[in-house]
Amino acid sequence: MTKILFLFLFTCISLYGVDWLSYKEALELQKKNHKVIMIDIVKTDCRYCSNMETQVFDDLYMEEWLEERFILVKMNLYTDTLPLGIKPIVSPSFYFINHKQEIVKNINGSWNIQDFKDLTENIK
């Protein structure tokens with residue numbers, strides 16, 4: 001019974017939160033829908049990155065809002081090769097890439113839901 005309850009809770013929790021893609025997957029998807037790619041660059045030991053994950057990206061409303069507007073990619077500064085010569089100076093850093101593979105906006109730092117929404121709502 002305990003195992004069944006654990007699996008149920010794990011499944012429910014897994015339903016929330018952003019579905020991150022690899023950069024390669026995002027490029028393929030972008031060819032079809034022309035959405036802007038949002039790359040979230042994090043460090044493994046970054047508490048501000050963790051704050052963004054739990055306070056912004058795990059929020060159901062914000063998840064839907066972001067996925068409606070962007071193709072979402074998460075990359076680790078320590079383990080991933082960053083595209084387009086991106087060299088973040090802080091983490092987290094967010095880069096927005098249009099269909100021409102141009103960086104159209106860069107946002108640095110950790111934000112709450114409303115501030116992050118305000119910073120990203122006009123990116124196209």
# chains A, B, ... in the order shown; residues from 1 in each chain; ligands from 1

$ select_by_dssp --residues "chain A" --states "helix (DSSP H, G or I)" --output "PyMOL selection string"
chain A and resi 2-14+23-33+47-57+60-69+113-120

$ residues_around --residues "A:Ile123" --least-positions-apart "4" --cutoff "8 Å" --atoms "only C-alpha atoms" --output "JSON, numbers by chain"
{"A": [36, 96, 104, 105]}

$ closest_residue --among "A:Asn106, A:Thr120, A:Ser93, A:Thr79" --to "A:Met52" --atoms "only C-alpha atoms"
A:Ser93

$ residues_around --residues "stretch 57-63 of chain A" --least-positions-apart "4" --cutoff "9 Å" --atoms "only C-alpha atoms" --output "short mmCIF file (atom, residue, chain, number, x, y, z; two decimals) with C-alpha atoms, in the first residue's frame"
data_model
loop_
_atom_site.label_atom_id
_atom_site.label_comp_id
_atom_site.auth_asym_id
_atom_site.auth_seq_id
_atom_site.Cartn_x
_atom_site.Cartn_y
_atom_site.Cartn_z
CA TYR A 16 3.74 20.11 -12.48
CA GLY A 17 6.76 22.02 -13.61
CA VAL A 18 8.21 23.01 -16.93
CA ASP A 19 9.08 20.34 -19.50
CA MET A 52 13.61 30.11 -9.80
CA GLU A 53 12.82 26.42 -10.28
CA GLU A 67 5.14 27.11 -22.59
CA GLU A 68 2.51 29.05 -24.53
CA ILE A 113 6.63 35.15 -10.89
CA LYS A 117 6.39 37.57 -16.42
#

$ closest_residue --among "A:Gln30, A:Gln55, A:Thr81, A:Asn76" --to "A:Val42" --atoms "only C-alpha atoms"
A:Asn76

$ select_by_dssp --residues "chain A" --states "strand (DSSP E or B)" --output "ChimeraX atom specification"
/A:21,36-42,70-76,93-97,103-108

$ closest_residue --among "A:Leu66, A:Leu77, A:Ile103, A:Leu82" --to "A:Cys46" --atoms "only C-alpha atoms"
A:Leu77

$ residues_around --residues "A:Leu84" --least-positions-apart "5" --cutoff "12 Å" --atoms "only C-alpha atoms" --output "number ranges by chain"
A: 23, 39, 95-98, 100-103

$ atom_distance --atom1 "atom CA of A:Arg69" --atom2 "atom CA of A:Cys49"
21.0 Å

$ atom_distance --atom1 "atom CA of A:Asn51" --atom2 "atom CA of A:Met38"
17.7 Å

$ closest_residue --among "A:Thr54, A:Ser91, A:Asn33, A:Ser110" --to "A:Ile71" --atoms "only C-alpha atoms"
A:Asn33

$ atom_distance --atom1 "atom CA of A:Leu119" --atom2 "atom CA of A:Phe94"
10.8 Å

$ closest_residue --among "A:Asp40, A:Glu28, A:Ile107, A:Glu121" --to "A:Leu72" --atoms "only C-alpha atoms"
A:Asp40

$ decode --residues "stretch 49-63 of chain A" --atoms "N, CA and C atoms" --output "tab-separated table (two decimals), in the first residue's frame"
chain	number	residue	atom	x	y	z
A	49	CYS	N	19.21	29.72	-8.77
A	49	CYS	CA	18.65	28.85	-9.81
A	49	CYS	C	17.59	27.94	-9.21
A	50	SER	N	17.87	27.39	-8.05
A	50	SER	CA	16.90	26.54	-7.35
A	50	SER	C	15.65	27.33	-6.98
A	51	ASN	N	15.84	28.57	-6.55
A	51	ASN	CA	14.69	29.43	-6.21
A	51	ASN	C	13.80	29.65	-7.43
A	52	MET	N	14.39	29.92	-8.57
A	52	MET	CA	13.61	30.11	-9.80
A	52	MET	C	12.83	28.84	-10.13
A	53	GLU	N	13.47	27.70	-9.96
A	53	GLU	CA	12.82	26.42	-10.28
A	53	GLU	C	11.60	26.20	-9.39
A	54	THR	N	11.77	26.37	-8.09
A	54	THR	CA	10.68	26.06	-7.16
A	54	THR	C	9.63	27.16	-7.06
A	55	GLN	N	10.06	28.42	-7.18
A	55	GLN	CA	9.12	29.53	-6.99
A	55	GLN	C	8.48	30.04	-8.27
A	56	VAL	N	9.09	29.75	-9.42
A	56	VAL	CA	8.55	30.25	-10.68
A	56	VAL	C	8.18	29.11	-11.62
A	57	PHE	N	9.14	28.27	-11.98
A	57	PHE	CA	8.91	27.26	-13.00
A	57	PHE	C	8.03	26.10	-12.53
A	58	ASP	N	7.97	25.84	-11.24
A	58	ASP	CA	7.10	24.78	-10.73
A	58	ASP	C	5.66	25.27	-10.50
A	59	ASP	N	5.41	26.54	-10.71
A	59	ASP	CA	4.07	27.09	-10.58
A	59	ASP	C	3.26	26.75	-11.84
A	60	LEU	N	2.11	26.12	-11.67
A	60	LEU	CA	1.31	25.66	-12.80
A	60	LEU	C	0.92	26.80	-13.73
A	61	TYR	N	0.49	27.92	-13.19
A	61	TYR	CA	0.10	29.07	-14.01
A	61	TYR	C	1.29	29.55	-14.85
A	62	MET	N	2.44	29.70	-14.22
A	62	MET	CA	3.62	30.22	-14.93
A	62	MET	C	4.12	29.20	-15.94
A	63	GLU	N	4.06	27.94	-15.60
A	63	GLU	CA	4.45	26.88	-16.54
A	63	GLU	C	3.65	27.01	-17.84
